[in-house]
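**Student:** Got a structure for you, questions after.
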Amino acid sequence: MVAVAASSGQQPRLLQYKKSLIFGGIFLAWLVLWVVLRNVGTLSLGAADLTPLHRWINGVNDAVGASRNSNPVFLYFFNEIRLVIDEFVTFIQAMIAQPSFGRPVPVIGWLGVVAIAGFVSLAVAGWRIALLAIAGFVFLGLQGLWQESMDTLSLTLAAVVISLLIGIPLGIWAGLSDRANRVLTPVLDFMQTMPTFVYLAPLTLFFLIGPASATIATLIYAAPPAIRITAHAIRSVPRNTVEASESLGATRKQTLVKVLLPSSRKTIVLGVNQTIMAALSMVTIAALIDAPGLGKTVVKALQTLDVGTAFNAGLAIVVLAIVLDRVTTAATERRKLPRWALFGGAGVTAVCVYLSYTYLWAAEFQSDVEIGSSINKGATAVTEWAQDSLPVLTNGFKDFVTFALINPLQALLAESPWFLVALVIVAVSFMIGGVRPAIISAVCVALLIATGLWQDSMITLASTLVATIMVMLLGIVVGVWMGRSRRADRFIRPVLDAAQVMPAFVYLVPFLALFSASRFTAIIAAVVFAAPVAIKIIADGIRAVSPATVEASTALGSSSWQTIVKVQLPMARGALTLAANQGLIYVLSMVVVGGLVGAGALGYDVVAGFSQGQLYGKGLAAGLAIVVLGVMLDRLTQAAAKRWTN
């Protein structure tokens, strides 16, 4: 019996050893062939060069533009959708953001907006959050960015309203119907796997550049959390509660309205919170297609490397995000205010709205009362100090990562023949997951070649892999610390939660100040953007390891290091692979953002496609290439997670 057990235990180790040898052999053969065939068959393409596919897309774009006002599909479908959404967004802007109805100011001025924000926060979240909301909105005005902030808020509100009108009913349907859930799940997976920028280019083809395309792109990005979380909330209601309602004679509609929805209210409000955060993040990114607001200010500042202006606008985005996040998070808890407080708050709000409608001082934030210029000058001064005083540290770190990680991996991927890289990718996919992942990888490789952007795709893949390696190193170090220490978790988790609230643009600003415009800046920004989710997943995985197992390891004389390496990390391997998967997806979503600060490759191609009409086709193809990379890496990490966990 002992011999049989020992033999069965040795077989997995022997199989793992053989696999490691095969992986090593594949990598060694790749290195040898790279030396022999370097820079042969790399399918390189110049920055201004176009392939027949790119020219064909440009032709489609021109044909669509020429037939926009004559083709029935556009006249009675796309144009009507654009008109309705434009009117909705314009209406909200007329209320709080833009001069309208022949007035030099919006219908509701700054004092009215601040009062409404405070009253809504008081009603749903309590007086402390109300004070936070009032202070936050006043701060936006003091920054000298009131109109830009209200434009951003208008687009966010428009997208959130439409997202919830679509998302909550679909989520309820998916929660009640297994068939609907099976149909919607892969669609939502695809929508959430696609990097945010990829939505923008095809939407401009049908809805033109402007608020309509920005709102629809935001809707696509923001609706999945509402659908998923609502469906999860409905399905999480205890079955015996539903059966009790049905046994009392309640109809299906009564059970939904009086049992399921009230029982899942808290979770659904969490879905609203996630939808608002996703919408705000996407609205700032949509500045690339001429969406008004704070994102536009950040984009212009990044393009001119004006760190002070970018920091001031980025700070406004963070303040707006924190206020919206805290209000909707606090709304998950029921709070009953005295009637006198509600009626008193409503009365004060009505007076403030009237004053803001009637008097200019209450409608237009006074430009002579502002601190934005001081923030701008301070950020610029800090940037200059950092660039003058810290080049030894910053340049040393940048050079180490660049020469030790980025350059070797980029040379291996981008300077190898395309057929060699394709063969390695398919072989590794087969070793990791079997036939199906290998087929998916082969299809993805073929699509990357078809886009005409193979070399740019390999450069982006190299940067993505380097960023993901750094995310996992940071995630393991901090995640293990949080998982083993409750005190560290209580201190670090709120910081991670706050970091996840901030839109992607905001991460570029401090690193642009430290490292100037370069691909390294884009990689570090992607690491900081992706790290919070990976750290929290790993921390939860470490904490989920049975305390009895950890105690047994300690009792046998294992040190803390041995317990971590030989017990906790191996038993949390499912969390590790999930963290790697999510890290890859988050890093890829920063690819195009990094194109604004010198990342190059696919990110630059997409940005150039938005700004230069003749490169539109190339930009759209680059967006497709990012999606393909995302699908390939997502499926590979999922296959690795499944096999490793099993």
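By convention here, the chains of the structure tokens are called A, B, ... in the order presented, each chain's residues are numbered starting at 1, and ligands are numbered starting at 1 in the order presented.
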Do you know which residues are at most 10 Å from segment 116-129 of chain A counting only C-alpha atoms, after dropping those on the same chain fewer than 6 positions away, and could you put them as a short mmCIF file (atom, residue, chain, number, x, y, z; two decimals) with C-alpha atoms, in the first residue's frame?
**Tutor:**
data_model
loop_
_atom_site.label_atom_id
_atom_site.label_comp_id
_atom_site.auth_asym_id
_atom_site.auth_seq_id
_atom_site.Cartn_x
_atom_site.Cartn_y
_atom_site.Cartn_z
CA ILE A 108 -29.41 75.59 -12.46
CA TRP A 110 -23.47 76.27 -9.13
CA ALA A 135 -17.33 70.21 0.06
CA GLY A 136 -16.37 68.18 -3.01
CA PHE A 137 -18.57 70.14 -5.42
CA VAL A 323 -18.07 61.88 -3.98
CA LEU A 324 -20.10 59.66 -6.32
CA ARG A 326 -19.14 57.44 -1.24
CA VAL A 327 -22.73 58.54 -1.85
CA THR A 328 -23.73 55.35 -3.68
CA THR A 329 -21.75 53.09 -1.31
CA ALA A 330 -23.43 54.64 1.74
CA ALA A 331 -26.80 54.27 0.02
CA THR A 332 -26.55 50.49 0.43
CA GLU A 333 -27.39 50.94 4.11
CA ARG A 334 -30.92 52.04 5.03
CA ARG A 335 -31.02 55.39 6.82
CA LYS A 336 -34.19 56.94 8.15
CA LEU A 337 -33.96 60.68 8.64
CA ALA A 341 -34.63 67.13 8.26
CA LEU A 342 -35.93 66.01 4.87
CA GLY A 344 -35.93 71.37 5.81
CA GLY A 345 -33.30 70.13 3.37
CA ALA A 346 -35.82 70.22 0.52
CA GLY A 347 -36.77 73.80 1.40
CA VAL A 348 -33.16 75.02 1.54
CA THR A 349 -32.43 73.24 -1.76
CA ALA A 350 -35.44 74.90 -3.44
CA CYS A 352 -30.73 77.70 -3.55
CA VAL A 353 -32.04 76.51 -6.93
#
**Student:** Could you name the residues that touch segment 180-182 of chain A at 10 Å or less, counting only C-alpha atoms, but leaving out those on the same chain fewer than 6 positions away, as a PyMOL selection string?
**Tutor:** chain A and resi 170-174+227-228+231
**Student:** What would the file look like if the residues just selected were written as a PDB file, in the first residue's frame with N, CA and C atoms?
**Tutor:**
ATOM      1  N   LEU A 170     -32.455  43.617 -17.695  1.00  0.00           N
ATOM      2  CA  LEU A 170     -31.735  42.443 -18.197  1.00  0.00           C
ATOM      3  C   LEU A 170     -31.175  41.619 -17.044  1.00  0.00           C
ATOM      4  N   GLY A 171     -30.677  42.290 -15.995  1.00  0.00           N
ATOM      5  CA  GLY A 171     -30.168  41.565 -14.837  1.00  0.00           C
ATOM      6  C   GLY A 171     -31.259  40.780 -14.123  1.00  0.00           C
ATOM      7  N   ILE A 172     -32.445  41.377 -14.005  1.00  0.00           N
ATOM      8  CA  ILE A 172     -33.577  40.664 -13.395  1.00  0.00           C
ATOM      9  C   ILE A 172     -33.947  39.448 -14.237  1.00  0.00           C
ATOM     10  N   TRP A 173     -33.967  39.639 -15.556  1.00  0.00           N
ATOM     11  CA  TRP A 173     -34.284  38.531 -16.463  1.00  0.00           C
ATOM     12  C   TRP A 173     -33.251  37.406 -16.308  1.00  0.00           C
ATOM     13  N   ALA A 174     -31.953  37.768 -16.289  1.00  0.00           N
ATOM     14  CA  ALA A 174     -30.907  36.756 -16.137  1.00  0.00           C
ATOM     15  C   ALA A 174     -30.975  36.094 -14.759  1.00  0.00           C
ATOM     16  N   ILE A 227     -25.871  44.607 -15.000  1.00  0.00           N
ATOM     17  CA  ILE A 227     -26.545  43.354 -15.372  1.00  0.00           C
ATOM     18  C   ILE A 227     -26.060  42.207 -14.484  1.00  0.00           C
ATOM     19  N   ARG A 228     -24.749  42.069 -14.369  1.00  0.00           N
ATOM     20  CA  ARG A 228     -24.177  40.957 -13.606  1.00  0.00           C
ATOM     21  C   ARG A 228     -24.585  41.008 -12.132  1.00  0.00           C
ATOM     22  N   ALA A 231     -28.307  40.351 -11.560  1.00  0.00           N
ATOM     23  CA  ALA A 231     -28.604  38.918 -11.711  1.00  0.00           C
ATOM     24  C   ALA A 231     -28.111  38.135 -10.500  1.00  0.00           C
TER      25      ALA A 231
END
**Student:** Expressed in Å to a single decimal, how great is the separation between atom CA of Gly65 of chain A and atom CA of Asp86 of chain A?
**Tutor:**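 Taking atom CA of Gly65 of chain A as the start and atom CA of Asp86 of chain A as the end point, the length is 18.5 Å.
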**Student:** Tell me which of A:Trp34, A:Leu629, A:Thr297, A:Val533 sits closest to Ile449 of chain A, counting only C-alpha atoms.
**Tutor:**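 Of the candidates, the smallest distance to Ile449 of chain A is held by A:Leu629.
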**Student:** Using only C-alpha atoms, which residue out of A:Ala63, A:Leu288, A:Leu636, A:Met458 lies closest to Val607 of chain A?
**Tutor:**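 Looking at the shortest contact to Val607 of chain A, the residue is A:Leu288.
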**Student:** By how many Å are atom CA of Ser20 of chain A and atom CA of Val445 of chain A apart?
**Tutor:**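 Value for the atom CA of Ser20 of chain A-atom CA of Val445 of chain A distance: 24.2 Å.
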**Student:** If you count only C-alpha atoms, which residues fall within 12 Å of Met571 of chain A, apart from same-chain ones fewer than 2 positions away, as a ChimeraX atom specification?
**Tutor:** /A:538,541-547,549-550,563-569,573-577,644-646
**Student:** Export C-alpha atoms of the chosen residues as a compact mmCIF listing (two decimals), in the first residue's frame?
**Tutor:**
# COMPACT_ATOMS: atom_id res chain seq x y z
CA ILE A 538 -4.29 37.32 -3.70
CA GLY A 541 -6.85 33.75 -1.48
CA ILE A 542 -4.15 33.66 1.22
CA ARG A 543 -6.72 34.35 3.95
CA ALA A 544 -8.93 31.54 2.60
CA VAL A 545 -6.24 28.93 3.32
CA SER A 546 -7.35 26.88 6.31
CA PRO A 547 -5.85 28.21 9.58
CA THR A 549 -3.21 23.88 7.82
CA VAL A 550 -1.06 26.93 8.58
CA THR A 563 4.85 28.40 5.35
CA ILE A 564 4.23 31.08 2.71
CA VAL A 565 6.15 29.36 -0.10
CA LYS A 566 5.25 25.73 0.57
CA VAL A 567 1.76 25.98 2.05
CA GLN A 568 -0.15 29.22 1.54
CA LEU A 569 0.88 30.16 -2.01
CA ARG A 573 -2.97 28.94 -6.66
CA GLY A 574 -6.53 29.52 -7.88
CA ALA A 575 -6.39 33.08 -6.55
CA LEU A 576 -2.94 33.56 -8.13
CA THR A 577 -4.12 32.57 -11.59
CA TRP A 644 -3.48 24.30 -12.17
CA THR A 645 -6.47 24.32 -9.84
CA ASN A 646 -7.45 20.79 -10.84
**Student:** List every residue of segment 164-210 of chain A that DSSP, applied to the backbone of this structure, assigns to alpha helix (DSSP H), and report them as a PyMOL selection string.
**Tutor:** chain A and resi 164-176+178-193+200-207
**Student:** Near Ile322 of chain A, counting only C-alpha atoms, which residues have an atom at most 8 Å away, once you skip same-chain residues fewer than 3 positions from it, shown as number ranges by chain?
**Tutor:** A: 318-319, 325-326, 498, 501
**Student:** When you look at Leu514 of chain A with a cut-off of 7 Å (counting only C-alpha atoms), what residues show up, excluding the ones that are within fewer than 6 positions of it in the same chain? I need them as a short mmCIF file (atom, residue, chain, number, x, y, z; two decimals) with N, CA, C and O atoms, in the first residue's frame.
**Tutor:**
data_model
loop_
_atom_site.label_atom_id
_atom_site.label_comp_id
_atom_site.auth_asym_id
_atom_site.auth_seq_id
_atom_site.Cartn_x
_atom_site.Cartn_y
_atom_site.Cartn_z
N THR A 383 7.02 68.89 -10.15
CA THR A 383 7.51 68.14 -11.31
C THR A 383 8.93 68.55 -11.66
O THR A 383 9.81 67.69 -11.88
N ALA A 386 11.29 67.21 -9.04
CA ALA A 386 11.51 65.76 -9.18
C ALA A 386 12.43 65.46 -10.35
O ALA A 386 13.33 64.61 -10.25
N GLN A 387 12.23 66.16 -11.45
CA GLN A 387 13.06 65.91 -12.63
C GLN A 387 14.49 66.39 -12.43
O GLN A 387 15.42 65.85 -13.03
N THR A 394 15.04 57.84 -10.33
CA THR A 394 14.03 57.55 -11.35
C THR A 394 14.65 56.97 -12.61
O THR A 394 14.17 55.96 -13.15
#
**Student:** For each of A:Leu412, A:Leu132, A:Met431, A:Leu219, take the minimum atom-to-atom distance to Leu28 of chain A, counting only C-alpha atoms, then give the residue where this is smallest.
**Tutor:**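 Smallest distance to Leu28 of chain A is found for A:Leu412.
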**Student:** Any idea what the distance is between atom CA of Ala531 of chain A and atom CA of Gly475 of chain A?
**Tutor:** 6.2 Å
**Student:** Please list as a ChimeraX atom specification every residue within 9 Å of segment 49-59 of chain A, counting only C-alpha atoms and excluding residues in the same chain fewer than 5 positions away.
**Tutor:** /A:64,450-452,613-621
**Student:** Quick one: write out the picked residues with N, CA and C atoms as a compact mmCIF listing (two decimals), in the first residue's frame?
**Tutor:**
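The resulting file, result_32.txt, is shown below:
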# COMPACT_ATOMS: atom_id res chain seq x y z
N VAL A 64 -19.43 55.65 -45.75
CA VAL A 64 -20.45 55.86 -44.71
C VAL A 64 -20.71 57.35 -44.53
N ALA A 450 -3.51 39.38 -39.98
CA ALA A 450 -4.45 40.00 -40.92
C ALA A 450 -4.61 41.50 -40.69
N THR A 451 -4.45 41.95 -39.45
CA THR A 451 -4.57 43.39 -39.18
C THR A 451 -3.43 44.19 -39.80
N GLY A 452 -2.35 43.52 -40.17
CA GLY A 452 -1.20 44.22 -40.72
C GLY A 452 -0.33 44.87 -39.67
N GLY A 613 -7.19 61.68 -39.93
CA GLY A 613 -8.21 60.98 -40.71
C GLY A 613 -7.66 59.89 -41.60
N GLN A 614 -6.47 60.11 -42.19
CA GLN A 614 -5.93 59.11 -43.12
C GLN A 614 -5.46 57.85 -42.40
N LEU A 615 -5.31 57.92 -41.06
CA LEU A 615 -4.89 56.76 -40.28
C LEU A 615 -6.06 56.10 -39.54
N TYR A 616 -7.29 56.48 -39.90
CA TYR A 616 -8.46 55.92 -39.21
C TYR A 616 -8.50 54.40 -39.34
N GLY A 617 -8.28 53.90 -40.56
CA GLY A 617 -8.32 52.46 -40.78
C GLY A 617 -7.28 51.72 -39.98
N LYS A 618 -6.08 52.31 -39.90
CA LYS A 618 -5.01 51.69 -39.12
C LYS A 618 -5.36 51.70 -37.63
N GLY A 619 -5.96 52.80 -37.15
CA GLY A 619 -6.35 52.87 -35.75
C GLY A 619 -7.41 51.84 -35.40
N LEU A 620 -8.39 51.66 -36.32
CA LEU A 620 -9.43 50.66 -36.07
C LEU A 620 -8.84 49.25 -36.06
N ALA A 621 -7.91 48.99 -36.98
CA ALA A 621 -7.25 47.69 -37.00
C ALA A 621 -6.43 47.48 -35.72
**Student:** List the neighbours of segment 91-107 of chain A out to 6 Å using only C-alpha atoms; skip same-chain residues closer than 5 positions along the sequence, and give me the result as a list in words.
**Tutor:** Gln147, Met150, Asp151, Ser154 and Tyr357 of chain A
**Student:** What would the file look like if the residues just selected were written as a PDB file, in the first residue's frame with N, CA and C atoms?
**Tutor:**
ATOM      1  N   GLN A 147     -17.390  74.297 -15.053  1.00  0.00           N
ATOM      2  CA  GLN A 147     -18.115  73.896 -16.257  1.00  0.00           C
ATOM      3  C   GLN A 147     -17.611  72.557 -16.778  1.00  0.00           C
ATOM      4  N   MET A 150     -19.057  69.851 -14.644  1.00  0.00           N
ATOM      5  CA  MET A 150     -20.478  69.622 -14.888  1.00  0.00           C
ATOM      6  C   MET A 150     -20.711  68.935 -16.235  1.00  0.00           C
ATOM      7  N   ASP A 151     -19.868  69.233 -17.232  1.00  0.00           N
ATOM      8  CA  ASP A 151     -19.960  68.503 -18.501  1.00  0.00           C
ATOM      9  C   ASP A 151     -19.686  67.016 -18.281  1.00  0.00           C
ATOM     10  N   SER A 154     -22.612  65.537 -16.494  1.00  0.00           N
ATOM     11  CA  SER A 154     -23.773  65.399 -17.386  1.00  0.00           C
ATOM     12  C   SER A 154     -23.675  64.140 -18.226  1.00  0.00           C
ATOM     13  N   TYR A 357     -30.953  80.273 -10.301  1.00  0.00           N
ATOM     14  CA  TYR A 357     -31.662  80.565 -11.553  1.00  0.00           C
ATOM     15  C   TYR A 357     -31.798  82.070 -11.777  1.00  0.00           C
TER      16      TYR A 357
END
**Student:** Measuring between only C-alpha atoms, which one of A:Gln143, A:Thr218, A:Gln274, A:Ser416 shows the shortest distance to Ser374 of chain A?
**Tutor:**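 With only C-alpha atoms as the atom set, the closest residue is A:Gln143.
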